[in-house]
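Raw contents of data_14.txt, compact mmCIF, C-alpha atoms:
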# COMPACT_ATOMS: atom_id res chain seq x y z
CA MET A 1 105.67 -39.28 -65.16
CA LYS A 2 102.84 -37.66 -63.15
CA GLU A 3 103.79 -39.40 -59.90
CA GLU A 4 107.50 -38.84 -60.56
CA LEU A 5 106.91 -35.08 -60.88
CA LEU A 6 105.00 -34.97 -57.59
CA SER A 7 107.60 -37.02 -55.72
CA CYS A 8 110.41 -34.91 -57.22
CA HIS A 9 108.68 -31.75 -55.98
CA GLU A 10 108.43 -33.12 -52.44
CA LYS A 11 112.06 -34.25 -52.50
CA ILE A 12 113.52 -30.87 -53.50
CA LYS A 13 111.34 -28.64 -51.30
CA PRO A 14 114.01 -28.39 -48.54
CA PHE A 15 116.58 -27.12 -51.05
CA ILE A 16 114.63 -24.59 -53.17
CA HIS A 17 112.51 -21.47 -52.82
CA ARG A 18 108.90 -21.54 -53.90
CA THR A 19 109.26 -18.51 -56.13
CA PRO A 20 106.56 -15.82 -56.44
CA VAL A 21 104.19 -15.41 -59.38
CA MET A 22 103.89 -11.80 -60.53
CA ASN A 23 101.44 -9.97 -62.74
CA SER A 24 101.73 -6.58 -64.48
CA ARG A 25 98.70 -4.59 -65.59
CA LEU A 26 100.88 -2.58 -67.99
CA LEU A 27 102.40 -5.66 -69.62
CA ASN A 28 98.93 -7.18 -69.92
CA GLU A 29 97.78 -4.02 -71.73
CA ILE A 30 100.82 -4.03 -74.03
CA SER A 31 100.45 -7.73 -74.88
CA GLY A 32 96.68 -8.15 -74.84
CA ALA A 33 97.10 -11.30 -72.71
CA ASP A 34 96.63 -12.04 -69.00
CA ILE A 35 100.20 -13.00 -68.03
CA TYR A 36 101.48 -14.72 -64.88
CA PHE A 37 105.27 -14.59 -64.52
CA LYS A 38 106.85 -17.41 -62.48
CA CYS A 39 109.89 -15.60 -61.09
CA GLU A 40 112.72 -18.13 -61.08
CA ASN A 41 115.08 -15.14 -61.12
CA PHE A 42 114.31 -15.18 -57.35
CA GLN A 43 115.29 -18.85 -57.04
CA ARG A 44 118.35 -19.81 -54.97
CA MET A 45 121.47 -19.03 -57.08
CA GLY A 46 119.22 -16.93 -59.31
CA ALA A 47 117.80 -19.46 -61.78
CA PHE A 48 115.54 -22.50 -62.25
CA LYS A 49 118.62 -24.73 -62.66
CA MET A 50 118.71 -25.17 -58.88
CA ARG A 51 115.63 -27.41 -59.13
CA GLY A 52 117.06 -30.01 -61.49
CA ALA A 53 120.46 -30.03 -59.79
CA ALA A 54 118.90 -30.52 -56.34
CA HIS A 55 116.77 -33.41 -57.60
CA ALA A 56 119.60 -35.19 -59.44
CA ILE A 57 121.86 -35.02 -56.37
CA ALA A 58 119.07 -36.02 -53.93
CA ASN A 59 118.52 -39.21 -55.98
CA LEU A 60 122.14 -40.40 -55.71
CA SER A 61 123.06 -43.29 -53.42
CA GLU A 62 125.15 -42.57 -50.31
CA GLU A 63 128.17 -44.14 -52.05
CA GLU A 64 127.70 -41.88 -55.08
CA LYS A 65 127.28 -38.81 -52.88
CA ALA A 66 130.54 -39.67 -51.12
CA ARG A 67 132.39 -39.62 -54.46
CA GLY A 68 130.93 -36.29 -55.54
CA VAL A 69 129.41 -34.95 -58.74
CA VAL A 70 130.80 -33.28 -61.84
CA THR A 71 129.30 -31.17 -64.60
CA HIS A 72 130.51 -28.86 -67.35
CA SER A 73 128.86 -25.47 -67.63
CA SER A 74 129.79 -21.85 -68.20
CA GLY A 75 126.97 -20.44 -66.16
CA ASN A 76 123.76 -21.22 -64.32
CA PHE A 77 124.01 -25.02 -64.10
CA ALA A 78 127.55 -24.64 -62.72
CA GLN A 79 126.13 -22.51 -59.92
CA GLY A 80 123.07 -24.74 -59.48
CA VAL A 81 125.14 -27.93 -59.05
CA SER A 82 127.60 -26.18 -56.71
CA LEU A 83 124.88 -24.86 -54.40
CA ALA A 84 122.73 -28.00 -54.56
CA ALA A 85 125.79 -30.12 -53.72
CA GLN A 86 126.83 -27.79 -50.90
CA SER A 87 123.28 -27.94 -49.49
CA GLN A 88 123.43 -31.75 -49.42
CA GLY A 89 127.02 -32.14 -48.21
CA VAL A 90 128.36 -33.38 -51.54
CA LYS A 91 131.62 -32.41 -53.31
CA ALA A 92 131.08 -30.69 -56.69
CA TYR A 93 133.64 -30.50 -59.52
CA ILE A 94 132.74 -27.91 -62.15
CA VAL A 95 134.45 -27.90 -65.55
CA MET A 96 134.23 -24.34 -66.89
CA PRO A 97 135.53 -22.94 -70.19
CA SER A 98 138.29 -20.36 -69.94
CA ASN A 99 135.98 -17.68 -71.39
CA ALA A 100 133.25 -18.16 -68.74
CA PRO A 101 132.36 -14.86 -67.03
CA GLU A 102 134.44 -14.13 -63.91
CA VAL A 103 131.25 -13.31 -62.00
CA LYS A 104 130.00 -16.88 -62.60
CA LYS A 105 133.32 -18.44 -61.62
CA ALA A 106 133.22 -16.39 -58.40
CA ALA A 107 129.68 -17.62 -57.65
CA VAL A 108 130.72 -21.26 -58.13
CA ARG A 109 133.63 -20.79 -55.72
CA ALA A 110 131.30 -19.11 -53.20
CA TYR A 111 129.19 -22.31 -53.26
CA ASP A 112 132.32 -24.47 -52.66
CA GLY A 113 132.46 -25.82 -56.20
CA GLU A 114 135.94 -26.89 -57.35
CA ILE A 115 136.56 -25.33 -60.77
CA ILE A 116 138.53 -27.06 -63.52
CA ILE A 117 139.30 -24.58 -66.33
CA CYS A 118 139.42 -25.93 -69.90
CA PRO A 119 139.59 -24.57 -73.46
CA PRO A 120 136.20 -23.25 -74.63
CA THR A 121 135.10 -26.16 -76.86
CA ILE A 122 132.43 -28.74 -76.10
CA GLU A 123 134.97 -31.52 -76.77
CA ASP A 124 137.34 -30.12 -74.13
CA ARG A 125 134.52 -29.67 -71.65
CA GLU A 126 133.36 -33.26 -72.08
CA ALA A 127 136.91 -34.67 -71.96
CA ASN A 128 137.72 -32.82 -68.73
CA ALA A 129 134.47 -33.91 -67.10
CA GLN A 130 135.16 -37.53 -68.11
CA LYS A 131 138.64 -37.25 -66.57
CA VAL A 132 137.05 -36.31 -63.22
CA VAL A 133 134.65 -39.26 -63.52
CA ASP A 134 137.58 -41.62 -64.21
CA GLU A 135 139.88 -40.25 -61.50
CA LYS A 136 137.46 -39.37 -58.69
CA GLY A 137 134.55 -41.70 -59.39
CA ALA A 138 132.25 -38.68 -59.42
CA THR A 139 128.79 -38.90 -61.03
CA PHE A 140 128.36 -36.81 -64.17
CA LEU A 141 125.29 -34.55 -64.22
CA HIS A 142 124.18 -33.28 -67.63
CA PRO A 143 122.61 -29.79 -67.49
CA SER A 144 119.50 -30.78 -69.48
CA ASN A 145 119.68 -34.33 -70.85
CA ASN A 146 119.05 -36.15 -67.57
CA THR A 147 115.63 -37.43 -66.47
CA ASP A 148 116.06 -36.30 -62.84
CA VAL A 149 117.08 -32.83 -64.06
CA ILE A 150 114.13 -32.63 -66.49
CA LEU A 151 111.67 -33.54 -63.71
CA GLY A 152 113.27 -31.01 -61.36
CA GLN A 153 113.00 -28.22 -63.92
CA GLY A 154 109.33 -29.14 -64.46
CA THR A 155 108.48 -28.29 -60.84
CA ALA A 156 108.49 -24.55 -61.62
CA ALA A 157 105.55 -25.04 -64.02
CA LEU A 158 103.95 -27.46 -61.53
CA GLU A 159 103.96 -24.72 -58.87
CA LEU A 160 102.66 -22.19 -61.40
CA LEU A 161 99.72 -24.48 -62.17
CA GLU A 162 99.06 -25.09 -58.47
CA ASP A 163 98.69 -21.31 -58.09
CA HIS A 164 96.80 -20.80 -61.37
CA PRO A 165 95.16 -24.07 -62.50
CA ASP A 166 93.26 -22.40 -65.34
CA LEU A 167 96.29 -21.33 -67.40
CA GLU A 168 95.76 -21.87 -71.13
CA TYR A 169 99.44 -21.65 -72.08
CA ILE A 170 102.84 -21.96 -70.40
CA LEU A 171 105.80 -20.41 -72.22
CA THR A 172 109.47 -21.09 -71.46
CA PRO A 173 112.78 -20.44 -73.19
CA VAL A 174 114.41 -23.35 -75.06
CA GLY A 175 118.14 -24.03 -74.72
CA GLY A 176 119.23 -27.56 -73.86
CA GLY A 177 115.58 -28.56 -73.56
CA GLY A 178 115.35 -29.52 -69.88
CA LEU A 179 113.07 -26.66 -68.82
CA VAL A 180 110.68 -26.83 -71.77
CA ALA A 181 110.45 -30.65 -71.54
CA GLY A 182 109.76 -30.59 -67.79
CA SER A 183 107.27 -27.74 -68.19
CA ALA A 184 105.48 -29.58 -70.99
CA LEU A 185 105.09 -32.64 -68.74
CA ALA A 186 103.70 -30.45 -65.95
CA ALA A 187 101.27 -28.75 -68.36
CA HIS A 188 100.12 -32.13 -69.71
CA PHE A 189 99.60 -33.85 -66.35
CA PHE A 190 98.48 -30.94 -64.16
CA GLY A 191 96.99 -28.37 -66.55
CA ASP A 192 93.44 -28.22 -67.83
CA ASN A 193 94.12 -28.47 -71.56
CA CYS A 194 97.15 -26.20 -70.97
CA LYS A 195 99.55 -26.02 -73.92
CA CYS A 196 103.33 -25.60 -73.55
CA ILE A 197 105.14 -23.40 -76.08
CA GLY A 198 108.86 -22.70 -76.32
CA GLY A 199 110.58 -19.46 -77.27
CA GLU A 200 113.90 -19.60 -79.11
CA PRO A 201 116.30 -17.10 -80.70
CA MET A 202 116.48 -17.20 -84.50
CA GLU A 203 120.27 -17.12 -84.07
CA ALA A 204 120.16 -20.45 -82.17
CA ASP A 205 117.04 -22.15 -83.51
CA ASP A 206 118.20 -25.79 -83.34
CA ALA A 207 115.09 -26.93 -81.42
CA TRP A 208 112.74 -25.34 -83.97
CA ARG A 209 114.64 -27.07 -86.79
CA SER A 210 114.71 -30.36 -84.83
CA LEU A 211 110.90 -30.37 -84.64
CA GLN A 212 110.76 -29.75 -88.41
CA SER A 213 113.24 -32.49 -89.33
CA GLY A 214 112.34 -35.06 -86.65
CA LYS A 215 115.96 -35.42 -85.52
CA ILE A 216 118.24 -33.47 -83.19
CA GLU A 217 119.82 -30.57 -85.07
CA LYS A 218 122.84 -28.56 -83.93
CA ASN A 219 123.14 -24.78 -83.87
CA GLU A 220 124.49 -23.40 -87.12
CA THR A 221 124.99 -20.01 -85.47
CA SER A 222 125.08 -18.94 -81.83
CA ASN A 223 125.35 -15.20 -82.24
CA THR A 224 122.58 -14.43 -79.77
CA ILE A 225 122.47 -12.25 -76.69
CA ALA A 226 120.53 -15.12 -75.05
CA ASP A 227 123.76 -16.88 -74.08
CA GLY A 228 121.96 -19.53 -72.00
CA LEU A 229 120.16 -20.85 -75.10
CA ARG A 230 123.14 -21.71 -77.30
CA THR A 231 123.06 -25.41 -76.41
CA HIS A 232 121.18 -28.15 -78.27
CA LEU A 233 118.60 -30.78 -77.32
CA GLY A 234 119.42 -34.23 -75.95
CA HIS A 235 118.11 -37.73 -76.70
CA LEU A 236 116.14 -37.85 -73.42
CA ASN A 237 114.32 -34.51 -73.66
CA PHE A 238 113.76 -34.40 -77.43
CA PRO A 239 111.08 -37.16 -77.48
CA ILE A 240 109.23 -35.37 -74.64
CA ILE A 241 109.38 -32.11 -76.59
CA GLN A 242 108.14 -33.84 -79.76
CA GLN A 243 105.18 -35.33 -77.89
CA TYR A 244 104.15 -32.56 -75.49
CA VAL A 245 105.38 -29.16 -76.75
CA GLU A 246 102.77 -27.46 -78.94
CA GLU A 247 105.24 -25.36 -80.94
CA ILE A 248 108.39 -23.26 -80.77
CA ILE A 249 108.22 -19.57 -81.67
CA ARG A 250 111.42 -17.93 -82.90
CA VAL A 251 112.34 -14.33 -82.12
CA ASP A 252 115.05 -11.97 -83.32
CA GLU A 253 117.65 -10.17 -81.24
CA ASP A 254 115.85 -6.80 -81.20
CA GLU A 255 112.69 -8.51 -79.94
CA ILE A 256 114.61 -10.21 -77.12
CA ILE A 257 116.20 -6.91 -76.04
CA GLU A 258 112.87 -5.06 -76.17
CA ALA A 259 111.12 -7.75 -74.09
CA MET A 260 113.94 -7.73 -71.54
CA LYS A 261 113.82 -3.94 -71.33
CA LEU A 262 110.04 -3.95 -70.81
CA ILE A 263 110.30 -6.36 -67.86
CA TRP A 264 113.13 -4.34 -66.28
CA GLU A 265 111.28 -1.05 -66.75
CA ARG A 266 107.70 -2.09 -65.99
CA MET A 267 108.13 -4.83 -63.39
CA LYS A 268 111.30 -3.47 -61.77
CA ILE A 269 112.92 -6.91 -61.67
CA ILE A 270 116.23 -8.15 -63.04
CA ILE A 271 116.11 -10.86 -65.69
CA GLU A 272 118.82 -12.18 -68.01
CA PRO A 273 118.44 -12.08 -71.82
CA SER A 274 117.56 -15.79 -72.19
CA CYS A 275 114.73 -15.23 -69.73
CA ALA A 276 113.11 -12.57 -71.95
CA VAL A 277 112.75 -14.89 -74.96
CA PRO A 278 109.31 -16.41 -74.14
CA PHE A 279 107.84 -12.96 -73.45
CA ALA A 280 109.31 -11.80 -76.77
CA ALA A 281 107.61 -14.81 -78.42
CA LEU A 282 104.26 -13.82 -76.90
CA LEU A 283 104.66 -10.23 -78.13
CA ARG A 284 105.60 -11.47 -81.61
CA GLU A 285 102.40 -13.52 -81.88
CA LYS A 286 99.98 -11.34 -79.94
CA GLU A 287 96.92 -12.54 -81.87
CA LYS A 288 97.45 -16.15 -80.73
CA PHE A 289 97.52 -15.14 -77.06
CA ALA A 290 95.00 -12.27 -77.09
CA GLY A 291 92.63 -12.58 -74.13
CA LYS A 292 94.31 -15.83 -73.01
CA LYS A 293 95.63 -16.66 -69.55
CA VAL A 294 99.34 -17.30 -70.03
CA GLY A 295 102.07 -18.45 -67.64
CA ILE A 296 105.67 -17.48 -68.44
CA VAL A 297 108.62 -19.04 -66.62
CA LEU A 298 111.16 -16.26 -66.02
CA SER A 299 114.12 -18.62 -66.04
CA GLY A 300 116.80 -16.56 -64.30
CA GLY A 301 118.34 -13.25 -63.34
CA ASN A 302 122.10 -13.88 -63.47
CA VAL A 303 122.94 -11.01 -65.77
CA ASP A 304 126.30 -9.32 -66.24
CA LEU A 305 125.46 -5.71 -65.35
CA ALA A 306 128.52 -4.50 -67.28
CA LYS A 307 127.08 -5.91 -70.53
CA LEU A 308 123.46 -4.74 -70.51
CA PRO A 309 122.05 -4.36 -74.05
CA PHE A 310 120.25 -1.11 -73.21
Could you take the file, read its structure, and then write that structure out as structure tokens?
Amino acid sequence: MKEELLSCHEKIKPFIHRTPVMNSRLLNEISGADIYFKCENFQRMGAFKMRGAAHAIANLSEEEKARGVVTHSSGNFAQGVSLAAQSQGVKAYIVMPSNAPEVKKAAVRAYDGEIIICPPTIEDREANAQKVVDEKGATFLHPSNNTDVILGQGTAALELLEDHPDLEYILTPVGGGGLVAGSALAAHFFGDNCKCIGGEPMEADDAWRSLQSGKIEKNETSNTIADGLRTHLGHLNFPIIQQYVEEIIRVDEDEIIEAMKLIWERMKIIIEPSCAVPFAALLREKEKFAGKKVGIVLSGGNVDLAKLPF
């Protein structure tokens, strides 16, 4: 996987930004740790998802590119696939649930994605995506359970370690598992005894329970403000997480909101709720990270300004 990560990074460089790493003296004082924030909220289309989408599309054959790609997503992966496809001259079909935010539908259209609206159930999303595969011959791209996507998402942590090779921890949010799996691979192959830890809402703690039980668990609730983390793990990323992720720390809703607010107030940057979860996890377990050099992947900044929690 080490060579695959490096070759993936080279392949997607023309399509992504190398995002900045930011540090805040005030947040270091509040947390007791030395934190380096990898700002994927400044990535093209506003989130790390651009990396995995760009890599998955770049690896298609010319025949596959000619037939297009399809995914189902209500948010960031929809935008990531649309922009990555547009950047590489490929048609993108995006199945979106009827309750997806209008702002995200508008962004997909701005990137030339063709939207197919469906009822807001996972069964309807999958059925509509399969219909596009059958009718158009398009290649289906899963938002997190796809090896090319996992490697692409891991390049954010790879860049973070290139800039700060002595990190002791890398923290990311955990939703579908693509980012944490890719980051854990980067930490293992390119870190110096660097541990990868995931942050997850208690209201959608399927990954935490999956590590306890040894099998993929589904969300029993999804009543979390971290809307990007309501998905569950896949059969490709779960074994990577089992092997390379040190632990998953769960946080409650108030902790997520407080962490998000701190980053907005102190760093003057826009992040979405899901993005605040790993920082909330660090604040929850300050003793573990006290005096440590910690990287946090700020996963995205596509927030609905009309629905801010503060």
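Of the listed residues (A:Lys49, A:Arg18, A:Arg44, A:Arg266), A:Lys49 comes nearest to Gly182 in chain A; the distances count all atoms listed in the file.
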For this session: For Pro14 in chain A, work out the shell of residues within 10 Å, counting only C-alpha atoms and skipping chain neighbours fewer than 4 positions away, then give it as a PyMOL selection string.
Result: chain A and resi 9-10+54+87
Padding 3 Å on each side, edges along x, y and z: where is the centre of the box around the listed atoms of range 146-155 of chain A, and how long are its edges in Å to one decimal? Output it as lines of an AutoDock Vina configuration file.
center_x = 113.8
center_y = -32.8
center_z = -64.2
size_x = 16.6
size_y = 15.2
size_z = 12.7
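From CA of Pro309 in chain A back to CA of Pro101 in chain A, the distance works out to 16.3 Å.
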For this session: Name the residues, using the chain letters and numbers of the file, that sit within 8 Å of (104.6, -18.0, -55.8) when counting only C-alpha atoms, and give them as a PyMOL selection string.
Result: chain A and resi 18-22+38-39+159-160+163
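Neighbouring residues of range 304-308 of chain A at 10 Å or closer, counting only C-alpha atoms and skipping chain neighbours under 3 positions away, are Pro101, Glu102, Val103, Lys104, Ile225, Ile257, Lys261, Ile270, Glu272, Pro273 and Gly301 of chain A.
Put simply, CA of Asp112 in chain A is 6.7 Å away from CA of Gln86 in chain A.
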Problem set entry | Which of A:Lys292, A:Lys195, A:Lys2, A:His55 sits closest to Gln88 in chain A [using all atoms listed in the file] | A:His55
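For His232 in chain A, the non-local neighbours within 7 Å, defined as residues at least 2 positions apart in the same chain or in other chains and counting all atoms listed in the file, are Gly175, Gly176, Asp206, Ala207, Lys218, Asn219, Arg230 and Gly234 of chain A.
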Could you write out the selected residues, including C-alpha atoms, as a PDB file, keeping the file's coordinate frame?
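Output contents, as saved in result_34.pdb:
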ATOM      1  CA  GLY A 175     118.140 -24.030 -74.720  1.00  0.00           C
ATOM      2  CA  GLY A 176     119.230 -27.560 -73.860  1.00  0.00           C
ATOM      3  CA  ASP A 206     118.200 -25.790 -83.340  1.00  0.00           C
ATOM      4  CA  ALA A 207     115.090 -26.930 -81.420  1.00  0.00           C
ATOM      5  CA  LYS A 218     122.840 -28.560 -83.930  1.00  0.00           C
ATOM      6  CA  ASN A 219     123.140 -24.780 -83.870  1.00  0.00           C
ATOM      7  CA  ARG A 230     123.140 -21.710 -77.300  1.00  0.00           C
ATOM      8  CA  GLY A 234     119.420 -34.230 -75.950  1.00  0.00           C
TER       9      GLY A 234
END
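Of the residues under consideration (A:Thr139, A:Thr121, A:Ser24, A:Asn193), A:Thr139 shows the shortest atom-to-atom contact distance to Gly68 in chain A when counting all atoms listed in the file.
Taking all atoms listed in the file into account, Gly80 in chain A lies nearest to A:Gly152 out of the set A:Pro173, A:Gly137, A:Gly152, A:Pro120.
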Using the atoms already present, construct N, CA and C atoms for range 286-305 of chain A and hand them back as a PDB file, in the coordinates of the input.
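Saved as out13.pdb:
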ATOM      1  N   LYS A 286     101.020 -11.854 -80.831  1.00  0.00           N
ATOM      2  CA  LYS A 286      99.980 -11.340 -79.940  1.00  0.00           C
ATOM      3  C   LYS A 286      98.593 -11.924 -80.223  1.00  0.00           C
ATOM      4  N   GLU A 287      98.272 -12.089 -81.505  1.00  0.00           N
ATOM      5  CA  GLU A 287      96.920 -12.540 -81.870  1.00  0.00           C
ATOM      6  C   GLU A 287      96.620 -13.905 -81.257  1.00  0.00           C
ATOM      7  N   LYS A 288      97.631 -14.805 -81.271  1.00  0.00           N
ATOM      8  CA  LYS A 288      97.450 -16.150 -80.730  1.00  0.00           C
ATOM      9  C   LYS A 288      97.071 -16.115 -79.250  1.00  0.00           C
ATOM     10  N   PHE A 289      97.671 -15.162 -78.513  1.00  0.00           N
ATOM     11  CA  PHE A 289      97.520 -15.140 -77.060  1.00  0.00           C
ATOM     12  C   PHE A 289      96.520 -14.083 -76.568  1.00  0.00           C
ATOM     13  N   ALA A 290      95.910 -13.359 -77.482  1.00  0.00           N
ATOM     14  CA  ALA A 290      95.000 -12.270 -77.090  1.00  0.00           C
ATOM     15  C   ALA A 290      93.863 -12.802 -76.220  1.00  0.00           C
ATOM     16  N   GLY A 291      93.705 -12.186 -75.047  1.00  0.00           N
ATOM     17  CA  GLY A 291      92.630 -12.580 -74.130  1.00  0.00           C
ATOM     18  C   GLY A 291      92.862 -13.895 -73.415  1.00  0.00           C
ATOM     19  N   LYS A 292      94.018 -14.529 -73.622  1.00  0.00           N
ATOM     20  CA  LYS A 292      94.310 -15.830 -73.010  1.00  0.00           C
ATOM     21  C   LYS A 292      95.043 -15.650 -71.677  1.00  0.00           C
ATOM     22  N   LYS A 293      94.919 -16.654 -70.827  1.00  0.00           N
ATOM     23  CA  LYS A 293      95.630 -16.660 -69.550  1.00  0.00           C
ATOM     24  C   LYS A 293      96.922 -17.447 -69.742  1.00  0.00           C
ATOM     25  N   VAL A 294      98.048 -16.743 -69.637  1.00  0.00           N
ATOM     26  CA  VAL A 294      99.340 -17.300 -70.030  1.00  0.00           C
ATOM     27  C   VAL A 294     100.327 -17.268 -68.865  1.00  0.00           C
ATOM     28  N   GLY A 295     100.971 -18.396 -68.608  1.00  0.00           N
ATOM     29  CA  GLY A 295     102.070 -18.450 -67.640  1.00  0.00           C
ATOM     30  C   GLY A 295     103.398 -18.362 -68.379  1.00  0.00           C
ATOM     31  N   ILE A 296     104.318 -17.562 -67.870  1.00  0.00           N
ATOM     32  CA  ILE A 296     105.670 -17.480 -68.440  1.00  0.00           C
ATOM     33  C   ILE A 296     106.677 -17.782 -67.339  1.00  0.00           C
ATOM     34  N   VAL A 297     107.558 -18.744 -67.582  1.00  0.00           N
ATOM     35  CA  VAL A 297     108.620 -19.040 -66.620  1.00  0.00           C
ATOM     36  C   VAL A 297     109.783 -18.083 -66.885  1.00  0.00           C
ATOM     37  N   LEU A 298     109.995 -17.151 -65.946  1.00  0.00           N
ATOM     38  CA  LEU A 298     111.160 -16.260 -66.020  1.00  0.00           C
ATOM     39  C   LEU A 298     112.340 -17.066 -65.475  1.00  0.00           C
ATOM     40  N   SER A 299     113.176 -17.550 -66.384  1.00  0.00           N
ATOM     41  CA  SER A 299     114.120 -18.620 -66.040  1.00  0.00           C
ATOM     42  C   SER A 299     115.260 -18.216 -65.125  1.00  0.00           C
ATOM     43  N   GLY A 300     115.692 -16.927 -65.170  1.00  0.00           N
ATOM     44  CA  GLY A 300     116.800 -16.560 -64.300  1.00  0.00           C
ATOM     45  C   GLY A 300     117.161 -15.088 -64.383  1.00  0.00           C
ATOM     46  N   GLY A 301     117.959 -14.663 -63.419  1.00  0.00           N
ATOM     47  CA  GLY A 301     118.340 -13.250 -63.340  1.00  0.00           C
ATOM     48  C   GLY A 301     119.828 -13.033 -63.181  1.00  0.00           C
ATOM     49  N   ASN A 302     120.647 -14.009 -63.619  1.00  0.00           N
ATOM     50  CA  ASN A 302     122.100 -13.880 -63.470  1.00  0.00           C
ATOM     51  C   ASN A 302     122.683 -13.147 -64.668  1.00  0.00           C
ATOM     52  N   VAL A 303     122.523 -11.826 -64.638  1.00  0.00           N
ATOM     53  CA  VAL A 303     122.940 -11.010 -65.770  1.00  0.00           C
ATOM     54  C   VAL A 303     124.219 -10.258 -65.417  1.00  0.00           C
ATOM     55  N   ASP A 304     125.081 -10.106 -66.428  1.00  0.00           N
ATOM     56  CA  ASP A 304     126.300  -9.320 -66.240  1.00  0.00           C
ATOM     57  C   ASP A 304     125.924  -7.838 -66.420  1.00  0.00           C
ATOM     58  N   LEU A 305     125.913  -7.100 -65.311  1.00  0.00           N
ATOM     59  CA  LEU A 305     125.460  -5.710 -65.350  1.00  0.00           C
ATOM     60  C   LEU A 305     126.377  -4.829 -66.200  1.00  0.00           C
TER      61      LEU A 305
END
